[in-house]
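Working notes, beginning with the structure itself.
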Amino acid sequence: ISRDPKYANIPIIFGQLSVQNNKSYVKSLGIMALPSVQIYAGSEGLVENFPCGPSKIPLLKRKLTEVINSKVDPGQLSLKIDCALPENSEAEPCRTRSVAVLDEALRSEIDEVISDKRKEENLLYLRTGVPYFKDFDDDEFYGLMDKAKLVTFEKGDVIMRQGMEGSQFYVIESGEVEIMVKTAFEDPLTTQPDYLGAVINVFGPHTFFGERSLITKEPRAASIRALQKTRCFAFDVDDIPSSSVLSGKKEASVERLEEVNMKYGTDVYDVDLIQDQFVKANTANQKRGS
């Protein structure tokens with residue numbers, strides 16, 4: 001089954017484990033008879049567990065087909081994200097304010113958290129420091145600012161989750177966030193469902209995140225979690241002028257794509273790249289041992 005070409009492009013890994021010298025571990029997996037098959041689906045963990053001798057091969061094929069049809073996105077050829085699971089949800093801002101409010105009461109509320117000096121610094125950074133906004137004319141820039149939101153996240157909130165669809169671009173006004181990436185080789189048997197991956201970077205005020213998904217139209221490449229109470233300017237992709245690559249309507253340069261891939265550590269979970277590294281390392285070891 002593992003060599004069947006129809007499974008070649010599906011995100012599925014086949015593995016086998018001998019009971020020899022592993023009896024306690026095998027029993028801890030809930031395996032009651034040998035041989036048995038277990039099927040795991042990403043952070044959801046174990047989804048199928050059944051005895052499977054030669055006579056049960058048709059059952060295995062049917063179970064495998066059912067899991068693939070229910071768990072794999074046919075368009076992206078990647079695992080679907082079950083947003084109903086708590087570990088797969090993204091945090092809702094604990095506070096959302098319109099940046100371009102007309103109501104004086106609400107405007108004074110924003111003034112309480114952002115000083116006049118800081119507002120000037122923010123506007124200058126948004127106008128000149130964010131590369132995706134630099135080429136806007138005044139109408140485009142201030143039109144986008146009119147639709148921006150000031151959102152607040154509490155410490156520990158997961159603002160973005162790796163593998164989920166992206167629709168917003170964030171610029172940090174205050175606070176700090178960490179960027180985490182899961183690799184392709186986390187063990188589903190031992191990895192906790194709420195594990196977000198290795199920390200590859202930390203961003204603070206006047207930095208931005210969320211751009212890669214908007215540019216590439218691919219799922220989020222990393223998870224973002226607030227290290228402290230954090231305020232961000234949030235921009236919805238539908239509000240971003242088409243003259244920016246963030247709108248998804250303009251093709252990004254090769255240099256820009258390389259930049260965002262490096263920023264979010266996509267090589268950390270590039271299976272082909274890592275596999276190639278393993279092959280080279282093994283070949284070198286064999287040469288040294290021969």
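Here's how to read the names in the structure tokens: chain A, B, ... by the order shown, residue numbers from 1 in each chain, ligand numbers from 1 in the order shown.
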Write out, as a tab-separated table, each residue of stretch 138-257 of chain A that has an atom at most 10 Å from stretch 60-80 of chain A, together with the closest pair of atoms and their distance in Å to one decimal, counting only C-alpha atoms, rows going by chain and rising number.
residue	atom	partner	partner_atom	distance
A:Gly163	CA	A:Leu79	CA	8.3
A:Met164	CA	A:Lys80	CA	8.6
A:Glu218	CA	A:Gln76	CA	8.4
A:Pro219	CA	A:Gln76	CA	9.0
Preceding selection exported with C-alpha atoms as an mmCIF file, in the first residue's frame:
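Generated output (selection_32.cif):
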data_model
loop_
_atom_site.group_PDB
_atom_site.id
_atom_site.type_symbol
_atom_site.label_atom_id
_atom_site.label_comp_id
_atom_site.auth_asym_id
_atom_site.auth_seq_id
_atom_site.Cartn_x
_atom_site.Cartn_y
_atom_site.Cartn_z
ATOM 1 C CA GLY A 163 -1.577 25.750 8.611
ATOM 2 C CA MET A 164 -4.634 28.006 8.777
ATOM 3 C CA GLU A 218 -0.787 29.580 1.056
ATOM 4 C CA PRO A 219 -1.751 28.618 4.638
#
Of A:Leu34, A:Ile240, A:Met180, A:Ile57, the one sitting nearest A:Tyr142 when using only C-alpha atoms is A:Ile240
**Asked** Using only C-alpha atoms, which residues sit within 8 Å of stretch 254-265 of chain A once same-chain residues fewer than 5 positions away are excluded, as a ChimeraX atom specification?
**Response** /A:179,181,200,211-212,221-222
For the residues in that selection, give me N, CA and C atoms as a PDB file, in the first residue's frame.
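In the end it all went to out.pdb:
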ATOM      1  N   ILE A 179       7.462  33.833  17.193  1.00  0.00           N
ATOM      2  CA  ILE A 179       7.125  33.104  15.968  1.00  0.00           C
ATOM      3  C   ILE A 179       7.585  31.666  16.164  1.00  0.00           C
ATOM      4  N   VAL A 181       7.443  27.511  14.662  1.00  0.00           N
ATOM      5  CA  VAL A 181       7.235  26.672  13.484  1.00  0.00           C
ATOM      6  C   VAL A 181       7.349  25.205  13.873  1.00  0.00           C
ATOM      7  N   ILE A 200      11.460  30.585  16.464  1.00  0.00           N
ATOM      8  CA  ILE A 200      12.513  30.958  15.513  1.00  0.00           C
ATOM      9  C   ILE A 200      12.775  32.463  15.495  1.00  0.00           C
ATOM     10  N   GLU A 211       2.237  38.563   6.496  1.00  0.00           N
ATOM     11  CA  GLU A 211       2.276  38.933   5.078  1.00  0.00           C
ATOM     12  C   GLU A 211       2.450  37.741   4.138  1.00  0.00           C
ATOM     13  N   ARG A 212       3.157  36.704   4.596  1.00  0.00           N
ATOM     14  CA  ARG A 212       3.477  35.611   3.672  1.00  0.00           C
ATOM     15  C   ARG A 212       2.228  34.930   3.120  1.00  0.00           C
ATOM     16  N   ALA A 221       2.482  29.976   7.521  1.00  0.00           N
ATOM     17  CA  ALA A 221       3.703  29.191   7.603  1.00  0.00           C
ATOM     18  C   ALA A 221       4.207  29.045   9.031  1.00  0.00           C
ATOM     19  N   ALA A 222       3.638  29.819   9.960  1.00  0.00           N
ATOM     20  CA  ALA A 222       4.104  29.784  11.344  1.00  0.00           C
ATOM     21  C   ALA A 222       2.962  30.176  12.270  1.00  0.00           C
TER      22      ALA A 222
END
